[in-house]
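Below is my_file-v1.pdb, which holds PDB, C-alpha atoms.
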```
ATOM      1  CA  MET W  14      -4.646  10.101 -26.302
ATOM      2  CA  VAL W  15      -6.944  10.567 -23.354
ATOM      3  CA  PRO W  16      -8.322  14.078 -22.837
ATOM      4  CA  LEU W  17      -7.239  15.829 -19.676
ATOM      5  CA  HIS W  18     -10.711  16.372 -18.370
ATOM      6  CA  TYR W  19     -11.339  12.639 -18.193
ATOM      7  CA  TYR W  20      -8.621  12.473 -15.580
ATOM      8  CA  LEU W  21     -10.053  15.494 -13.780
ATOM      9  CA  LEU W  22     -13.498  13.929 -13.859
ATOM     10  CA  LEU W  23     -12.185  10.689 -12.362
ATOM     11  CA  SER W  24     -10.392  12.727  -9.727
ATOM     12  CA  ALA W  25     -13.583  14.657  -8.907
ATOM     13  CA  ILE W  26     -15.598  11.435  -8.618
ATOM     14  CA  LEU W  27     -13.056   9.887  -6.257
ATOM     15  CA  PHE W  28     -12.924  13.081  -4.214
ATOM     16  CA  ALA W  29     -16.734  13.127  -3.942
ATOM     17  CA  CYS W  30     -16.659   9.501  -2.796
ATOM     18  CA  GLY W  31     -14.124  10.473  -0.147
ATOM     19  CA  ILE W  32     -16.265  13.359   1.084
ATOM     20  CA  THR W  33     -19.336  11.134   1.193
ATOM     21  CA  GLY W  34     -17.491   8.480   3.157
ATOM     22  CA  PHE W  35     -16.213  11.105   5.557
ATOM     23  CA  LEU W  36     -19.755  12.303   6.173
ATOM     24  CA  ILE W  37     -21.771   9.091   6.302
ATOM     25  CA  LYS W  38     -19.362   6.690   7.964
ATOM     26  CA  ARG W  39     -19.453   6.191  11.701
ATOM     27  CA  ASN W  40     -16.346   4.094  12.190
ATOM     28  CA  ILE W  41     -13.345   6.298  12.890
ATOM     29  CA  ILE W  42     -10.955   4.085  10.891
ATOM     30  CA  THR W  43     -13.217   4.205   7.831
ATOM     31  CA  ILE W  44     -13.427   7.985   8.133
ATOM     32  CA  PHE W  45      -9.654   8.055   8.118
ATOM     33  CA  MET W  46      -9.577   5.895   4.997
ATOM     34  CA  SER W  47     -11.945   8.350   3.308
ATOM     35  CA  ILE W  48      -9.387  11.082   3.955
ATOM     36  CA  GLU W  49      -6.773   8.920   2.258
ATOM     37  CA  LEU W  50      -9.105   8.494  -0.702
ATOM     38  CA  MET W  51      -9.445  12.273  -1.023
ATOM     39  CA  LEU W  52      -5.664  12.664  -0.946
ATOM     40  CA  ASN W  53      -5.356  10.077  -3.705
ATOM     41  CA  ALA W  54      -7.888  11.919  -5.850
ATOM     42  CA  VAL W  55      -5.929  15.146  -5.499
ATOM     43  CA  ASN W  56      -2.730  13.299  -6.406
ATOM     44  CA  LEU W  57      -4.329  12.101  -9.618
ATOM     45  CA  SER W  58      -5.153  15.631 -10.719
ATOM     46  CA  PHE W  59      -1.617  16.743  -9.766
ATOM     47  CA  VAL W  60      -0.109  14.104 -12.028
ATOM     48  CA  ALA W  61      -2.595  14.831 -14.825
ATOM     49  CA  PHE W  62      -1.750  18.543 -14.785
ATOM     50  CA  ALA W  63       1.966  17.762 -14.600
ATOM     51  CA  ALA W  64       1.624  15.618 -17.698
ATOM     52  CA  HIS W  65      -0.466  18.262 -19.380
ATOM     53  CA  TRP W  66       1.948  21.141 -18.885
ATOM     54  CA  HIS W  67       5.104  19.066 -19.142
ATOM     55  CA  VAL W  68       6.524  20.074 -15.785
ATOM     56  CA  LEU W  69       7.862  17.580 -13.296
ATOM     57  CA  SER W  70       7.062  19.753 -10.274
ATOM     58  CA  GLY W  71       3.608  18.228 -10.056
ATOM     59  CA  GLN W  72       5.104  14.806  -9.479
ATOM     60  CA  VAL W  73       7.391  16.215  -6.780
ATOM     61  CA  PHE W  74       4.318  17.677  -5.094
ATOM     62  CA  VAL W  75       2.706  14.254  -5.229
ATOM     63  CA  PHE W  76       5.756  12.954  -3.414
ATOM     64  CA  PHE W  77       5.315  15.578  -0.707
ATOM     65  CA  VAL W  78       1.608  14.820  -0.405
ATOM     66  CA  MET W  79       2.429  11.150   0.067
ATOM     67  CA  VAL W  80       4.994  11.874   2.777
ATOM     68  CA  VAL W  81       2.574  14.130   4.629
ATOM     69  CA  ALA W  82      -0.126  11.476   4.277
ATOM     70  CA  ALA W  83       2.204   8.878   5.744
ATOM     71  CA  ALA W  84       3.011  11.112   8.729
ATOM     72  CA  GLU W  85      -0.671  11.929   9.180
ATOM     73  CA  THR W  86      -1.592   8.253   9.078
ATOM     74  CA  ALA W  87       0.993   7.337  11.692
ATOM     75  CA  VAL W  88      -0.109  10.045  14.118
ATOM     76  CA  GLY W  89      -3.808   9.557  13.369
ATOM     77  CA  LEU W  90      -3.733   5.825  13.959
ATOM     78  CA  ALA W  91      -1.865   6.428  17.211
ATOM     79  CA  ILE W  92      -4.625   8.833  18.229
ATOM     80  CA  ILE W  93      -7.231   6.222  17.271
ATOM     81  CA  ILE W  94      -5.463   3.678  19.472
ATOM     82  CA  ALA W  95      -5.391   6.172  22.344
ATOM     83  CA  VAL W  96      -9.100   6.930  21.863
ATOM     84  CA  TYR W  97      -9.922   3.236  21.825
ATOM     85  CA  ARG W  98      -7.877   2.702  24.959
ATOM     86  CA  THR W  99      -9.699   5.370  26.901
ATOM     87  CA  ARG W 100     -13.256   5.150  25.557
ATOM     88  CA  GLU W 101     -13.277   1.574  24.215
ATOM     89  CA  THR W 102     -15.245   2.434  21.124
ATOM     90  CA  LEU W 103     -14.530   3.296  17.515
ATOM     91  CA  ASN W 104     -17.881   4.924  16.922
ATOM     92  CA  VAL W 105     -17.498   8.650  16.505
ATOM     93  CA  ASP W 106     -21.012   9.225  17.819
ATOM     94  CA  GLN W 107     -19.879   8.032  21.234
ATOM     95  CA  VAL W 108     -16.827  10.277  21.348
ATOM     96  CA  ASN W 109     -18.800  13.358  22.215
ATOM     97  CA  LEU W 110     -17.240  14.943  25.250
ATOM     98  CA  LEU W 111     -17.061  18.283  23.476
ATOM     99  CA  LYS W 112     -20.764  18.232  22.680
ATOM    100  CA  LEU W 113     -22.946  20.553  24.673
TER
ATOM    101  CA  MET A   8      -7.532   3.894 -28.585
ATOM    102  CA  LEU A   9      -5.822   1.294 -26.469
ATOM    103  CA  HIS A  10      -4.910   3.995 -23.997
ATOM    104  CA  LEU A  11      -8.505   5.126 -23.768
ATOM    105  CA  ILE A  12      -9.656   1.555 -23.184
ATOM    106  CA  LEU A  13      -7.037   1.016 -20.471
ATOM    107  CA  PHE A  14      -7.940   4.332 -18.858
ATOM    108  CA  SER A  15     -11.645   3.488 -18.883
ATOM    109  CA  VAL A  16     -11.179   0.010 -17.456
ATOM    110  CA  PHE A  17      -9.025   1.170 -14.572
ATOM    111  CA  ALA A  18     -11.182   4.249 -13.964
ATOM    112  CA  VAL A  19     -14.215   1.973 -13.618
ATOM    113  CA  ILE A  20     -12.264  -0.266 -11.242
ATOM    114  CA  ALA A  21     -11.201   2.749  -9.165
ATOM    115  CA  VAL A  22     -14.719   4.156  -8.914
ATOM    116  CA  ALA A  23     -16.119   0.720  -8.090
ATOM    117  CA  GLY A  24     -13.550   0.345  -5.330
ATOM    118  CA  ALA A  25     -14.395   3.776  -3.936
ATOM    119  CA  LEU A  26     -18.119   2.983  -3.959
ATOM    120  CA  ASN A  27     -17.414  -0.355  -2.319
ATOM    121  CA  LEU A  28     -15.545   1.523   0.398
ATOM    122  CA  LEU A  29     -18.747   3.436   1.061
ATOM    123  CA  ILE A  30     -21.067   0.449   0.909
ATOM    124  CA  GLN A  31     -19.166  -2.041   3.043
ATOM    125  CA  ARG A  32     -19.833  -1.914   6.756
ATOM    126  CA  HIS A  33     -16.810  -3.826   7.941
ATOM    127  CA  PRO A  34     -13.588  -1.768   8.125
ATOM    128  CA  ILE A  35     -11.407  -4.545   6.726
ATOM    129  CA  SER A  36     -13.542  -4.705   3.563
ATOM    130  CA  SER A  37     -13.242  -0.946   3.208
ATOM    131  CA  ALA A  38      -9.477  -1.178   3.608
ATOM    132  CA  LEU A  39      -9.182  -3.854   0.929
ATOM    133  CA  SER A  40     -11.303  -1.876  -1.517
ATOM    134  CA  LEU A  41      -9.133   1.179  -0.823
ATOM    135  CA  ILE A  42      -6.121  -0.937  -1.812
ATOM    136  CA  VAL A  43      -7.927  -1.714  -5.099
ATOM    137  CA  VAL A  44      -8.450   2.019  -5.669
ATOM    138  CA  MET A  45      -4.786   2.731  -5.019
ATOM    139  CA  GLY A  46      -3.615  -0.021  -7.363
ATOM    140  CA  SER A  47      -5.768   1.184 -10.219
ATOM    141  CA  LEU A  48      -4.622   4.764  -9.592
ATOM    142  CA  ALA A  49      -1.051   3.518  -9.917
ATOM    143  CA  VAL A  50      -1.961   2.160 -13.357
ATOM    144  CA  GLU A  51      -3.427   5.555 -14.251
ATOM    145  CA  TYR A  52      -0.136   7.176 -13.242
ATOM    146  CA  LEU A  53       1.713   4.740 -15.488
ATOM    147  CA  LEU A  54      -0.603   5.685 -18.354
ATOM    148  CA  LEU A  55       0.330   9.316 -17.722
ATOM    149  CA  GLY A  56       4.002   8.439 -17.973
ATOM    150  CA  ALA A  57       4.730   9.036 -14.304
ATOM    151  CA  GLU A  58       6.495   5.828 -13.478
ATOM    152  CA  PHE A  59       8.196   7.103 -10.312
ATOM    153  CA  VAL A  60       4.873   8.230  -8.862
ATOM    154  CA  ALA A  61       3.309   4.894  -9.775
ATOM    155  CA  ALA A  62       6.107   3.050  -7.999
ATOM    156  CA  ILE A  63       5.887   5.093  -4.806
ATOM    157  CA  GLN A  64       2.098   4.876  -4.935
ATOM    158  CA  ILE A  65       2.389   1.115  -4.704
ATOM    159  CA  ILE A  66       5.272   1.113  -2.226
ATOM    160  CA  ILE A  67       4.143   3.827   0.183
ATOM    161  CA  TYR A  68       0.371   3.815  -0.080
ATOM    162  CA  ALA A  69      -0.537   0.224  -0.793
ATOM    163  CA  GLY A  70       2.549  -1.147   0.910
ATOM    164  CA  ALA A  71       3.059   0.924   4.022
ATOM    165  CA  ILE A  72       0.008   3.003   4.835
ATOM    166  CA  MET A  73      -2.596   0.350   4.133
ATOM    167  CA  VAL A  74      -0.615  -2.267   6.031
ATOM    168  CA  LEU A  75      -0.683   0.139   8.966
ATOM    169  CA  PHE A  76      -4.453   0.489   8.572
ATOM    170  CA  VAL A  77      -5.039  -3.251   8.388
ATOM    171  CA  PHE A  78      -2.741  -3.771  11.348
ATOM    172  CA  VAL A  79      -4.658  -1.259  13.468
ATOM    173  CA  ILE A  80      -7.985  -2.799  12.436
ATOM    174  CA  MET A  81      -6.730  -6.195  13.570
ATOM    175  CA  LEU A  82      -5.207  -4.756  16.734
ATOM    176  CA  LEU A  83      -8.389  -3.035  17.820
ATOM    177  CA  ASN A  84     -10.547  -5.959  16.653
ATOM    178  CA  ALA A  85     -12.869  -3.557  14.877
ATOM    179  CA  GLY A  86     -16.187  -5.192  14.149
ATOM    180  CA  ALA A  87     -18.881  -4.204  11.716
ATOM    181  CA  GLU A  88     -20.132  -0.694  11.973
ATOM    182  CA  GLU A  89     -23.369  -0.448  13.876
ATOM    183  CA  ARG A  90     -26.217   1.292  12.170
ATOM    184  CA  THR A  91     -27.126   4.602  13.637
ATOM    185  CA  ASN A  92     -30.138   6.649  12.862
ATOM    186  CA  GLY A  93     -28.333   9.326  10.939
ATOM    187  CA  SER A  94     -29.914  12.674  10.548
ATOM    188  CA  LYS A  95     -32.664  12.956   7.986
ATOM    189  CA  VAL A  96     -31.190  16.225   6.783
ATOM    190  CA  ALA A  97     -28.056  14.456   5.609
ATOM    191  CA  LEU A  98     -30.090  11.917   3.673
ATOM    192  CA  ILE A  99     -32.614  14.324   2.194
ATOM    193  CA  LEU A 100     -30.291  17.204   1.407
ATOM    194  CA  GLY A 101     -26.881  15.578   1.240
ATOM    195  CA  PHE A 102     -27.241  13.143  -1.613
ATOM    196  CA  PRO A 103     -29.071  15.514  -3.983
ATOM    197  CA  ALA A 104     -26.505  18.176  -3.139
ATOM    198  CA  MET A 105     -23.705  15.745  -3.915
ATOM    199  CA  LEU A 106     -25.349  14.762  -7.193
ATOM    200  CA  ALA A 107     -25.875  18.382  -8.150
ATOM    201  CA  GLY A 108     -22.291  19.264  -7.294
ATOM    202  CA  GLY A 109     -20.955  16.315  -9.261
ATOM    203  CA  LEU A 110     -23.069  17.193 -12.270
ATOM    204  CA  LEU A 111     -21.902  20.796 -12.048
ATOM    205  CA  VAL A 112     -18.253  19.743 -11.960
ATOM    206  CA  ALA A 113     -18.795  17.360 -14.871
ATOM    207  CA  TRP A 114     -20.597  20.022 -16.883
ATOM    208  CA  VAL A 115     -17.866  22.599 -16.280
ATOM    209  CA  LEU A 116     -15.139  20.147 -17.141
ATOM    210  CA  LEU A 117     -16.781  18.731 -20.228
ATOM    211  CA  ARG A 118     -17.632  22.072 -21.804
ATOM    212  CA  ALA A 119     -14.274  23.656 -21.012
ATOM    213  CA  PRO A 120     -12.840  25.199 -24.156
ATOM    214  CA  ASN A 121     -10.294  22.818 -25.571
ATOM    215  CA  MET A 122      -8.196  21.902 -22.597
ATOM    216  CA  GLY A 123      -6.063  19.814 -24.849
ATOM    217  CA  SER A 124      -5.245  16.210 -24.322
ATOM    218  CA  VAL A 125      -2.688  14.339 -22.351
ATOM    219  CA  ASN A 126      -0.349  12.685 -24.748
ATOM    220  CA  ILE A 127       0.422   9.426 -23.078
ATOM    221  CA  GLY A 128       4.063   8.559 -23.055
ATOM    222  CA  ALA A 129       5.044  12.000 -24.305
ATOM    223  CA  MET A 130       6.184  13.102 -20.887
ATOM    224  CA  TYR A 131       8.379  10.794 -19.025
ATOM    225  CA  GLY A 132       8.942  11.058 -15.298
ATOM    226  CA  PRO A 133      12.189   9.198 -14.755
ATOM    227  CA  PRO A 134      13.411   8.925 -11.173
ATOM    228  CA  LYS A 135      16.649  10.654 -12.130
ATOM    229  CA  ALA A 136      14.947  13.893 -13.187
ATOM    230  CA  ILE A 137      12.621  13.833 -10.178
ATOM    231  CA  GLY A 138      15.547  13.192  -7.846
ATOM    232  CA  TRP A 139      17.460  16.094  -9.346
ATOM    233  CA  LEU A 140      14.443  18.346  -8.890
ATOM    234  CA  LEU A 141      13.914  17.075  -5.362
ATOM    235  CA  PHE A 142      17.490  17.640  -4.228
ATOM    236  CA  HIS A 143      18.055  20.869  -6.113
ATOM    237  CA  ASP A 144      14.935  22.998  -6.457
ATOM    238  CA  PHE A 145      12.953  21.514  -3.598
ATOM    239  CA  LEU A 146      15.802  20.917  -1.189
ATOM    240  CA  LEU A 147      14.432  23.002   1.687
ATOM    241  CA  PRO A 148      10.903  21.469   1.546
ATOM    242  CA  PHE A 149      12.528  18.057   1.383
ATOM    243  CA  GLU A 150      14.519  18.691   4.554
ATOM    244  CA  VAL A 151      11.461  20.137   6.292
ATOM    245  CA  THR A 152       9.624  16.975   5.285
ATOM    246  CA  SER A 153      12.270  14.859   6.974
ATOM    247  CA  VAL A 154      11.792  16.858  10.187
ATOM    248  CA  LEU A 155       8.034  16.358   9.829
ATOM    249  CA  VAL A 156       8.454  12.605   9.547
ATOM    250  CA  LEU A 157      10.719  12.589  12.600
ATOM    251  CA  ILE A 158       8.099  14.514  14.593
ATOM    252  CA  ALA A 159       5.429  12.095  13.378
ATOM    253  CA  ILE A 160       7.474   9.110  14.545
ATOM    254  CA  ILE A 161       7.975  10.605  17.994
ATOM    255  CA  GLY A 162       4.330  11.665  18.198
ATOM    256  CA  ALA A 163       3.058   8.245  17.213
ATOM    257  CA  VAL A 164       5.246   6.548  19.811
ATOM    258  CA  VAL A 165       4.185   8.980  22.524
ATOM    259  CA  LEU A 166       0.486   8.791  21.673
ATOM    260  CA  ALA A 167       0.293   5.033  21.338
ATOM    261  CA  SER A 168       2.525   4.136  24.261
ATOM    262  CA  PRO A 169       0.611   2.585  27.136
ATOM    263  CA  VAL A 170       1.116   5.325  29.700
ATOM    264  CA  ARG A 171      -1.915   4.918  31.879
ATOM    265  CA  SER A 172      -1.789   8.049  33.912
ATOM    266  CA  ARG A 173      -1.909  10.564  31.099
ATOM    267  CA  PHE A 174      -4.555   9.359  28.721
ATOM    268  CA  SER A 175      -6.794   6.991  30.621
ATOM    269  CA  ARG A 176      -9.381   8.091  33.079
ATOM    270  CA  PRO A 177      -8.852   6.890  36.635
ATOM    271  CA  GLN A 178     -10.748   3.729  37.331
ATOM    272  CA  PRO A 179     -13.076   4.472  40.255
ATOM    273  CA  GLU A 180     -13.740   0.830  41.168
ATOM    274  CA  GLU A 181     -10.103  -0.142  41.448
ATOM    275  CA  GLY A 182      -9.166   2.844  43.534
ATOM    276  CA  HIS A 183     -12.147   2.306  45.775
ATOM    277  CA  GLN A 184     -11.345  -1.361  46.305
ATOM    278  CA  ALA A 185      -7.734  -0.596  47.062
ATOM    279  CA  LEU A 186      -8.825   2.028  49.507
ATOM    280  CA  GLN A 187     -11.211  -0.388  51.208
ATOM    281  CA  ALA A 188      -8.535  -3.083  51.325
ATOM    282  CA  ALA A 189      -6.082  -0.677  52.853
ATOM    283  CA  ALA A 190      -8.688   0.410  55.367
ATOM    284  CA  ALA A 191      -9.593  -3.184  56.206
ATOM    285  CA  ALA A 192      -5.991  -4.241  56.704
ATOM    286  CA  GLU A 193      -5.410  -1.817  59.509
ATOM    287  CA  PRO A 194      -6.781   1.494  60.549
ATOM    288  CA  ALA A 195      -4.115   3.346  58.697
ATOM    289  CA  PRO A 196      -3.486   7.023  59.093
ATOM    290  CA  HIS A 197      -4.667   9.336  56.415
ATOM    291  CA  GLN A 198      -1.291   9.701  54.745
ATOM    292  CA  GLU A 199      -1.024   6.013  54.018
ATOM    293  CA  THR A 200      -4.388   5.739  52.278
ATOM    294  CA  VAL A 201      -3.438   8.623  50.095
ATOM    295  CA  THR A 202      -0.257   6.910  49.016
ATOM    296  CA  ALA A 203      -2.160   3.683  48.382
ATOM    297  CA  ARG A 204      -4.570   5.536  46.144
ATOM    298  CA  ARG A 205      -1.749   7.172  44.296
ATOM    299  CA  SER A 206       0.052   3.924  43.692
ATOM    300  CA  ASN A 207      -3.054   2.607  42.025
TER
END
```
Using structure tokens, write down the structure from this file.
Amino acid sequence: MVPLHYYLLLSAILFACGITGFLIKRNIITIFMSIELMLNAVNLSFVAFAAHWHVLSGQVFVFFVMVVAAAETAVGLAIIIAVYRTRETLNVDQVNLLKL
Amino acid sequence: MLHLILFSVFAVIAVAGALNLLIQRHPISSALSLIVVMGSLAVEYLLLGAEFVAAIQIIIYAGAIMVLFVFVIMLLNAGAEERTNGSKVALILGFPAMLAGGLLVAWVLLRAPNMGSVNIGAMYGPPKAIGWLLFHDFLLPFEVTSVLVLIAIIGAVVLASPVRSRFSRPQPEEGHQALQAAAAAEPAPHQETVTARRSN
């Protein structure tokens, strides 16, 4: 018997780690991995709530989140490759054409 | 008690992996620690009785997505992240704000009035029930998801394909050299130099 809020706490910690990585990292691939970490944290709370309320819909939503994450990863990594091909850097500080 | 011990051990492993993702400067180290996080989260799903989710966590996330990440890191030969002088505001305000937010979330969660407890093994997520739900109640979102994946495949191929003219900037040196070479070969009329520039 593990209380539900332990799972929610673990999920919140992982989500905070993802946000921190998104903010402090400068490598575009690592920033992308931080997004994946946030998605994983949300999945954990989905499954914990599904187990808590005895409905399987939460696990189906986790499935959808995973599929969307897979699609997002494929397109995002293709964009990263295109960015690297044109600007030859992975540092997001040097991809600043939109900056005034 | 055993469940609590297993939960704690794998929660500590997951948090350590997430912190290692933040600390490491090389992208491949971050990717490997993210795989550790995903594996321990799969164990947490198993402890919650969600065996289907645990299986697809391993297969899709650790198997497919992270392989894609590692492959791109190798393809782009991504080196260690260079240190930049990040803004002082982020350091001075960001970390205390994150600590305060985390403490607030922990306080709210821990003093919540009797949220009950997850009875491990009580709920059972067999693939049969999830498949029935997926192809019966969630049939339309499932089909929309398949269209989304198809669009993602096409988009990834289009974005990553080496079409030079659409995504790369024109190289001024090459065009200039070709122009000079064309001019040096013979005093060509204007139309010909334009075609030479276009072919480059």
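With only C-alpha atoms as the basis for measurement, W:Val75 is the residue among W:Val75, W:Val80, W:Leu90, W:Met46 that approaches Ala63 in chain W most closely.
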Would you kindly return, as number ranges by chain, each protein, DNA or RNA residue with an atom no farther than 8 Å from any atom of Gln64 in chain A, considering only C-alpha atoms and excluding same-chain residues fewer than 6 positions away? A: 45-46, 49
Check what the PyMOL selection byres ((chain A and resi 34-42) around 10) selects in the file above and give those residues as a ChimeraX atom specification. /W:40-44,46-47,49-50 /A:20-21,23-33,43-48,65,68-70,72-74,76-78,80-81,84-88
One number please: CA of Phe77 in chain W to CA of Ala159 in chain A, in Å, one decimal. 14.5 Å
I need the residue nearest chain A from this list: W:Glu101, W:Asn56, W:Leu110, W:Val88. Use only C-alpha atoms for the distance.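 For chain A, the nearest of the given residues is W:Val88.
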Given the PyMOL selection byres ((chain A and resi 109-119) around 9), the residues it picks as an MDAnalysis selection string: (chainID W and resid 18:19 21:22 25:26 29) or (chainID A and resid 104:108 120:122)
Taken to one decimal, the CA of Asp144 in chain A-CA of Leu55 in chain A distance is 23.0 Å
Find the spatial neighbours of Phe76 in chain W, counting all atoms listed in the file, within a cut-off of 10 Å - ignore same-chain residues fewer than 5 positions away - and output them as a ChimeraX atom specification. /W:56,70-71,81-82 /A:59-60,63-64,67,137,141,149
Mind writing the picked residues with C-alpha atoms as a PDB file, in the coordinates of the input?
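Result went into again_6.pdb, see below:
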```
ATOM      1  CA  ASN W  56      -2.730  13.299  -6.406  1.00  0.00           C
ATOM      2  CA  SER W  70       7.062  19.753 -10.274  1.00  0.00           C
ATOM      3  CA  GLY W  71       3.608  18.228 -10.056  1.00  0.00           C
ATOM      4  CA  VAL W  81       2.574  14.130   4.629  1.00  0.00           C
ATOM      5  CA  ALA W  82      -0.126  11.476   4.277  1.00  0.00           C
TER       6      ALA W  82
ATOM      7  CA  PHE A  59       8.196   7.103 -10.312  1.00  0.00           C
ATOM      8  CA  VAL A  60       4.873   8.230  -8.862  1.00  0.00           C
ATOM      9  CA  ILE A  63       5.887   5.093  -4.806  1.00  0.00           C
ATOM     10  CA  GLN A  64       2.098   4.876  -4.935  1.00  0.00           C
ATOM     11  CA  ILE A  67       4.143   3.827   0.183  1.00  0.00           C
ATOM     12  CA  ILE A 137      12.621  13.833 -10.178  1.00  0.00           C
ATOM     13  CA  LEU A 141      13.914  17.075  -5.362  1.00  0.00           C
ATOM     14  CA  PHE A 149      12.528  18.057   1.383  1.00  0.00           C
TER      15      PHE A 149
END
```
Selected residue, from A:His10, A:Pro134, A:Pro103, A:Val96, that lies nearest to chain W when counting all atoms listed in the file: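 Of the candidates, the smallest distance to chain W is held by A:His10.
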Using all atoms listed in the file, which of the listed residues (A:Leu11, A:Val16, A:Leu75, A:Leu100) sits closest to Pro16 in chain W?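 Smallest distance to Pro16 in chain W is found for A:Leu11.
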